[in-house]
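Right, one structure below, let's go through it.
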Amino acid sequence: MHNSPAEDGVEEECCSLNSNPSAAVDSVLGQSALRLGLGVGSSQTPGPDEYDWSSFRDDDILHQQSNILEEEAEKMLCVGEKEPLSALAAEYQSGSPILLEKIKMLSEHYSGIRRTRGDGNCFFRSFMFSYLEHILETQDKAEVYRIKSDIEECKKTLQNLGYADFTFEDYFDTFIELLDGVIQGGEGSISAKELLQKCQDRSYSDSMVMFFRFVTSGEIRRRAEFFEPFILGFTNGIGTVDQFCKTSVEPMGEESDHIHITALSDTLGVAVRIVYLDRSSCDGGVLNVNHHDFVASQDAPEGGNPSRPFVTLLYRPGHYDILYGKLPPSLSLSLSLYIYIYISSESLMALWRRG
Amino acid sequence: MMDVSRVQKELTECNKDKGVSGVSIELYEGADGRGSLSHLRGTISGPITTPYEGGTFKINIHLPDGYPFEPPKMQFITKVWHPNISSQNGAICLDILKDQWSPALTLKTALVSLQALLSTPEPDDPQDAVVAQQYLRDYPTFVATARYWTEAFAKNVNTGTEEKVQKLMEMGFPEDLVRTALEAVNGDENLALEKLCS
């Protein structure tokens, strides 16, 4: 419907979306049609009898669609429990051998996975939990201090861009509160279990997703010149930075791509590793599990070898989950050495006692 | 739960510069004279150089419990002839009131977007198929109808009666004559003036 303006004698100026005849744009047009409230169907010419009915159609379809999505999403917690990597392999037991092989390779470096809800917010939820869990485990106060000053900057960016404070301040507060909470010994300190509960709580979790969406959007707009070419590539040349932020970053449920991840990683100064699990294979038939590190640009100029990102996510086409690395070799070695010495001394003691 | 404090801040912010923006929001007062923050009434002025120029359009606003995560429900109270607004019930077809809503938007930005929608109809994505067909096939008739509807429905706003009385009295007409004239023409200030002068 949307793609056949000529039949209806549509004047070009009334629908800018139709001005590009390229076939590649068709899929985008389809999406835009959906975004415009699913009104595509009602542009068919209904008879006078159907008229009333058609004026309610939009809302009905949208309502039904959101119900279906909601129903699907609720089958999975916002952030799930940690599972061993074997749970992932089990999923593909009767599936692609390439994937099974890749999962086997993954298990050399990674030990577990934590799933997130597939509602379009999975990247932000994965990032949120992975980051906060890391802070809780390491009690890295210097990192908290650092990210807080970056968050302050984000706030100023949004204010400079003209966002009213009340639209974002609550979401910022929610994240800061949790950031303070995971540092132990304070009044509002929370345990790992409580962290998980908060991240599973829909309203808490959604508030934090909005925090991330705001800082991501702020960063893209602040560095519009840098992001513009990527956005043009992403939207087949028809999107502006402002449009992209309004339609693909700020609304809940809009999926994240390289652009979002780059912006978020840059603005918060947190490196992210994305491990790709798909059916692609190398030419020589040698399988490889690819990964890409998003190194925060503010860390880059200092040179040297950037440390391995502690936020590691598993990407399967259309979805992100959290990936848990195995203990680094040096640490696991010293740990086993320690256990060995401990056990030996125990047995020596036992021998000594017996003797 | 609806974020009450945010809604209060939004009302203050929106009404701060209503003279400039041409949009405002007030509490909807029920029959008992009491308002609630989940039921509001927005007002937008028709954009200039459009068939809606000079009109004042009222919009019914319902805030769902999930606001601002869920979009506000908006519907025109004032009858409008526009491809994206139902001529029957005032239902609006606008992406940001549906799946493109974001908590980063506000009631004010939504009303400003409605104003923009009045300026640039999207007949390919219509709410009202009849109006859209007319817009596409017979644009001059569309403009004339839209202008007529603006005159008929968007200018006889009862709330402004006292102001009109005041204005006509300032021109030197006695109050009782002004009131009778206004009543006779159903509140249209210009027609009342014609009547008073004749």
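If you're wondering about the labels, chains in the structure tokens are A, B, ... by order shown, residues count from 1 in each chain, ligands from 1 in order shown.
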Counting only C-alpha atoms, give me one row per residue of chain B with an atom at most 10 Å from an atom of chain A, showing the shortest contact pair and its distance in Å to one decimal, sorted by chain then residue number, as a tab-separated table.
residue	atom	partner	partner_atom	distance
B:Met1	CA	A:Ser203	CA	9.2
B:Ser5	CA	A:Phe166	CA	9.1
B:Arg6	CA	A:Phe166	CA	6.4
B:Val7	CA	A:Phe166	CA	9.3
B:Lys9	CA	A:Phe166	CA	7.1
B:Glu10	CA	A:Phe166	CA	7.9
B:Glu13	CA	A:Ala164	CA	8.7
B:Gly66	CA	A:Ser203	CA	9.4
B:Pro68	CA	A:Thr167	CA	8.9
B:Phe69	CA	A:Met252	CA	7.8
B:Glu70	CA	A:Met252	CA	9.4
B:Asn84	CA	A:Gly39	CA	9.4
B:Ile85	CA	A:Ser55	CA	9.1
B:Ser86	CA	A:Ser55	CA	6.6
B:Ser87	CA	A:Ser55	CA	9.3
B:Gln88	CA	A:Asp52	CA	8.0
B:Asn89	CA	A:Ser55	CA	8.6
B:Gly90	CA	A:Ser55	CA	9.7
B:Ala91	CA	A:Ser55	CA	7.7
B:Ile92	CA	A:Asp58	CA	9.4
B:Cys93	CA	A:Gly37	CA	6.5
B:Leu94	CA	A:Leu36	CA	6.2
B:Asp95	CA	A:Leu36	CA	4.3
B:Ile96	CA	A:Leu36	CA	8.0
B:Leu97	CA	A:Gly37	CA	8.3
B:Lys98	CA	A:Gly37	CA	6.0
B:Asp99	CA	A:Arg35	CA	6.2
B:Gln100	CA	A:Pro251	CA	5.9
B:Trp101	CA	A:Pro251	CA	5.8
B:Ser102	CA	A:Pro251	CA	4.2
B:Pro103	CA	A:Thr167	CA	6.7
B:Ala104	CA	A:Thr167	CA	5.6
B:Leu105	CA	A:Thr167	CA	7.4
B:Thr106	CA	A:Thr167	CA	7.5
B:Thr120	CA	A:Cys14	CA	7.3
B:Pro121	CA	A:Cys14	CA	6.9
B:Glu122	CA	A:Cys14	CA	5.8
B:Pro123	CA	A:Cys14	CA	6.9
B:Asp124	CA	A:Ser43	CA	6.5
B:Asp125	CA	A:Gly39	CA	5.3
B:Pro126	CA	A:Ser43	CA	6.0
B:Gln127	CA	A:Ser55	CA	6.0
B:Asp128	CA	A:Ser55	CA	6.3
B:Ala129	CA	A:Ser43	CA	6.2
B:Val130	CA	A:Tyr51	CA	8.1
B:Ala132	CA	A:Ser43	CA	8.2
B:Gln133	CA	A:Thr45	CA	8.2
B:Tyr135	CA	A:Val10	CA	9.3
B:Leu136	CA	A:Val10	CA	6.0
B:Arg137	CA	A:Gly9	CA	7.4
Exercise for the section: Skip stretch 55-60 of chain B itself and residues of its chain fewer than 6 positions away, then list as a PyMOL selection string all residues within 8 Å of it, counting only C-alpha atoms. Expected result: chain B and resi 39-46+73-78+150-151+154-155+157
Could you turn the residues from that selection into a file that holds C-alpha atoms, as a tab-separated table (two decimals), in the first residue's frame?
chain	number	residue	atom	x	y	z
B	39	HIS	CA	-7.39	12.94	32.89
B	40	LEU	CA	-6.24	16.16	31.27
B	41	ARG	CA	-7.30	18.49	28.52
B	42	GLY	CA	-4.87	19.92	26.02
B	43	THR	CA	-5.37	22.93	23.81
B	44	ILE	CA	-3.51	23.69	20.61
B	45	SER	CA	-3.89	26.63	18.28
B	46	GLY	CA	-4.24	25.91	14.59
B	73	LYS	CA	-4.02	8.46	25.04
B	74	MET	CA	-5.03	11.51	23.04
B	75	GLN	CA	-8.17	12.25	21.08
B	76	PHE	CA	-9.50	15.43	19.55
B	77	ILE	CA	-12.60	16.79	21.28
B	78	THR	CA	-12.96	19.54	18.70
B	150	THR	CA	-12.36	25.12	11.63
B	151	GLU	CA	-14.81	28.04	11.38
B	154	ALA	CA	-12.85	25.37	16.41
B	155	LYS	CA	-13.83	29.00	16.80
B	157	VAL	CA	-15.30	27.98	22.06
Problem - Those of chain B in DSSP strand (DSSP E or B), formatted as a PyMOL selection string - result: chain B and resi 23-29+35-45+56-62+73-76+82+85+91-92
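Excluding stretch 191-195 of chain B itself and same-chain residues fewer than 4 positions from it, the residues having an atom within 12 Å of it are Glu151, Ala152, Lys155, Asn156, Thr161, Lys164, Val165, Lys167, Leu168, Met169, Glu170, Met171, Gly172, Phe173, Leu177, Val178, Arg179, Thr180, Ala181, Leu182, Glu183, Ala184, Val185, Asn186 and Gly187 of chain B, counting only C-alpha atoms.
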Since we have the selection now, will you write its residues out, keeping N, CA, C and O atoms, as a CSV table (one decimal), in the first residue's frame?
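Resulting contents of selection12.csv:
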chain,number,residue,atom,x,y,z
B,151,GLU,N,-13.9,26.9,11.1
B,151,GLU,CA,-14.8,28.0,11.4
B,151,GLU,C,-16.0,27.6,12.3
B,151,GLU,O,-16.3,28.2,13.3
B,152,ALA,N,-16.5,26.4,11.9
B,152,ALA,CA,-17.7,25.9,12.5
B,152,ALA,C,-17.5,25.4,13.9
B,152,ALA,O,-18.3,25.6,14.8
B,155,LYS,N,-13.9,27.6,16.4
B,155,LYS,CA,-13.8,29.0,16.8
B,155,LYS,C,-14.9,29.4,17.8
B,155,LYS,O,-14.8,30.4,18.4
B,156,ASN,N,-15.9,28.5,17.9
B,156,ASN,CA,-17.0,28.8,18.9
B,156,ASN,C,-16.7,28.2,20.2
B,156,ASN,O,-17.5,27.4,20.7
B,161,THR,N,-16.2,33.1,26.0
B,161,THR,CA,-17.3,34.0,25.9
B,161,THR,C,-17.0,35.3,26.6
B,161,THR,O,-17.2,36.4,26.0
B,164,LYS,N,-14.8,37.6,24.8
B,164,LYS,CA,-15.5,38.2,23.6
B,164,LYS,C,-16.4,39.3,24.0
B,164,LYS,O,-16.4,40.4,23.4
B,165,VAL,N,-17.1,39.1,25.1
B,165,VAL,CA,-18.0,40.1,25.6
B,165,VAL,C,-17.2,41.3,25.9
B,165,VAL,O,-17.6,42.5,25.5
B,167,LYS,N,-14.3,42.2,24.8
B,167,LYS,CA,-13.7,42.8,23.6
B,167,LYS,C,-14.8,43.7,22.9
B,167,LYS,O,-14.5,44.8,22.5
B,168,LEU,N,-16.0,43.1,22.7
B,168,LEU,CA,-17.0,43.9,22.0
B,168,LEU,C,-17.5,45.1,22.8
B,168,LEU,O,-17.8,46.1,22.3
B,169,MET,N,-17.5,45.0,24.2
B,169,MET,CA,-17.9,46.1,25.0
B,169,MET,C,-16.8,47.2,24.9
B,169,MET,O,-17.2,48.4,24.9
B,170,GLU,N,-15.6,46.8,24.7
B,170,GLU,CA,-14.5,47.8,24.6
B,170,GLU,C,-14.7,48.6,23.3
B,170,GLU,O,-14.2,49.7,23.2
B,171,MET,N,-15.4,48.0,22.3
B,171,MET,CA,-15.6,48.7,21.1
B,171,MET,C,-16.8,49.7,21.2
B,171,MET,O,-17.1,50.5,20.3
B,172,GLY,N,-17.4,49.7,22.4
B,172,GLY,CA,-18.4,50.7,22.7
B,172,GLY,C,-19.9,50.2,22.7
B,172,GLY,O,-20.8,50.9,22.8
B,173,PHE,N,-20.0,48.9,22.5
B,173,PHE,CA,-21.4,48.3,22.6
B,173,PHE,C,-21.8,48.0,24.0
B,173,PHE,O,-21.0,47.6,24.8
B,177,LEU,N,-26.6,44.1,24.8
B,177,LEU,CA,-26.7,43.9,23.4
B,177,LEU,C,-25.7,42.9,22.9
B,177,LEU,O,-25.9,42.1,22.1
B,178,VAL,N,-24.4,43.1,23.5
B,178,VAL,CA,-23.3,42.2,23.1
B,178,VAL,C,-23.7,40.8,23.4
B,178,VAL,O,-23.5,39.9,22.5
B,179,ARG,N,-24.2,40.5,24.6
B,179,ARG,CA,-24.6,39.1,25.0
B,179,ARG,C,-25.6,38.6,24.1
B,179,ARG,O,-25.5,37.4,23.6
B,180,THR,N,-26.7,39.3,23.8
B,180,THR,CA,-27.7,38.8,22.9
B,180,THR,C,-27.2,38.5,21.5
B,180,THR,O,-27.5,37.4,20.9
B,181,ALA,N,-26.3,39.4,21.0
B,181,ALA,CA,-25.8,39.2,19.7
B,181,ALA,C,-25.0,38.0,19.6
B,181,ALA,O,-25.1,37.2,18.7
B,182,LEU,N,-24.1,37.8,20.6
B,182,LEU,CA,-23.2,36.6,20.7
B,182,LEU,C,-24.0,35.4,20.7
B,182,LEU,O,-23.7,34.4,20.0
B,183,GLU,N,-25.1,35.4,21.5
B,183,GLU,CA,-25.9,34.2,21.7
B,183,GLU,C,-26.6,33.8,20.4
B,183,GLU,O,-26.6,32.7,20.0
B,184,ALA,N,-27.1,34.9,19.7
B,184,ALA,CA,-27.8,34.7,18.4
B,184,ALA,C,-26.9,34.0,17.4
B,184,ALA,O,-27.4,33.3,16.5
B,185,VAL,N,-25.6,34.3,17.4
B,185,VAL,CA,-24.8,33.8,16.3
B,185,VAL,C,-23.9,32.6,16.9
B,185,VAL,O,-22.9,32.2,16.3
B,186,ASN,N,-24.3,32.1,18.0
B,186,ASN,CA,-23.7,30.9,18.6
B,186,ASN,C,-22.2,31.2,18.9
B,186,ASN,O,-21.3,30.4,18.8
B,187,GLY,N,-22.0,32.4,19.4
B,187,GLY,CA,-20.6,32.7,20.0
B,187,GLY,C,-19.6,33.2,19.0
B,187,GLY,O,-18.5,33.5,19.4
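Nearest to A:Thr312 of all the residues A:Leu232, A:Met105, A:Ile113, A:Leu100 is A:Ile113, counting only C-alpha atoms.
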Exercise for the section: Name the residues of stretch 2-181 of chain B that fall into alpha helix (DSSP H) according to DSSP on the backbone, using the chain letters and numbers of this document, as a ChimeraX atom specification. Expected result: /B:4-16,18-21,107-119,129-137,139-153,161-170,175-181
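The interatomic distance for the pair atom CA of A:Gly162 and atom CA of B:Lys16 works out to 15.5 Å.
Counting only C-alpha atoms and comparing B:Glu53, B:Asp65, B:Glu163, B:Asp17, the residue that lies closest to B:Arg147 is B:Glu53.
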Handout entry: From B:Glu162, B:Pro47, B:Asn15, B:Val23, residue lying nearest B:Ala116 [only C-alpha atoms]
Key = B:Pro47
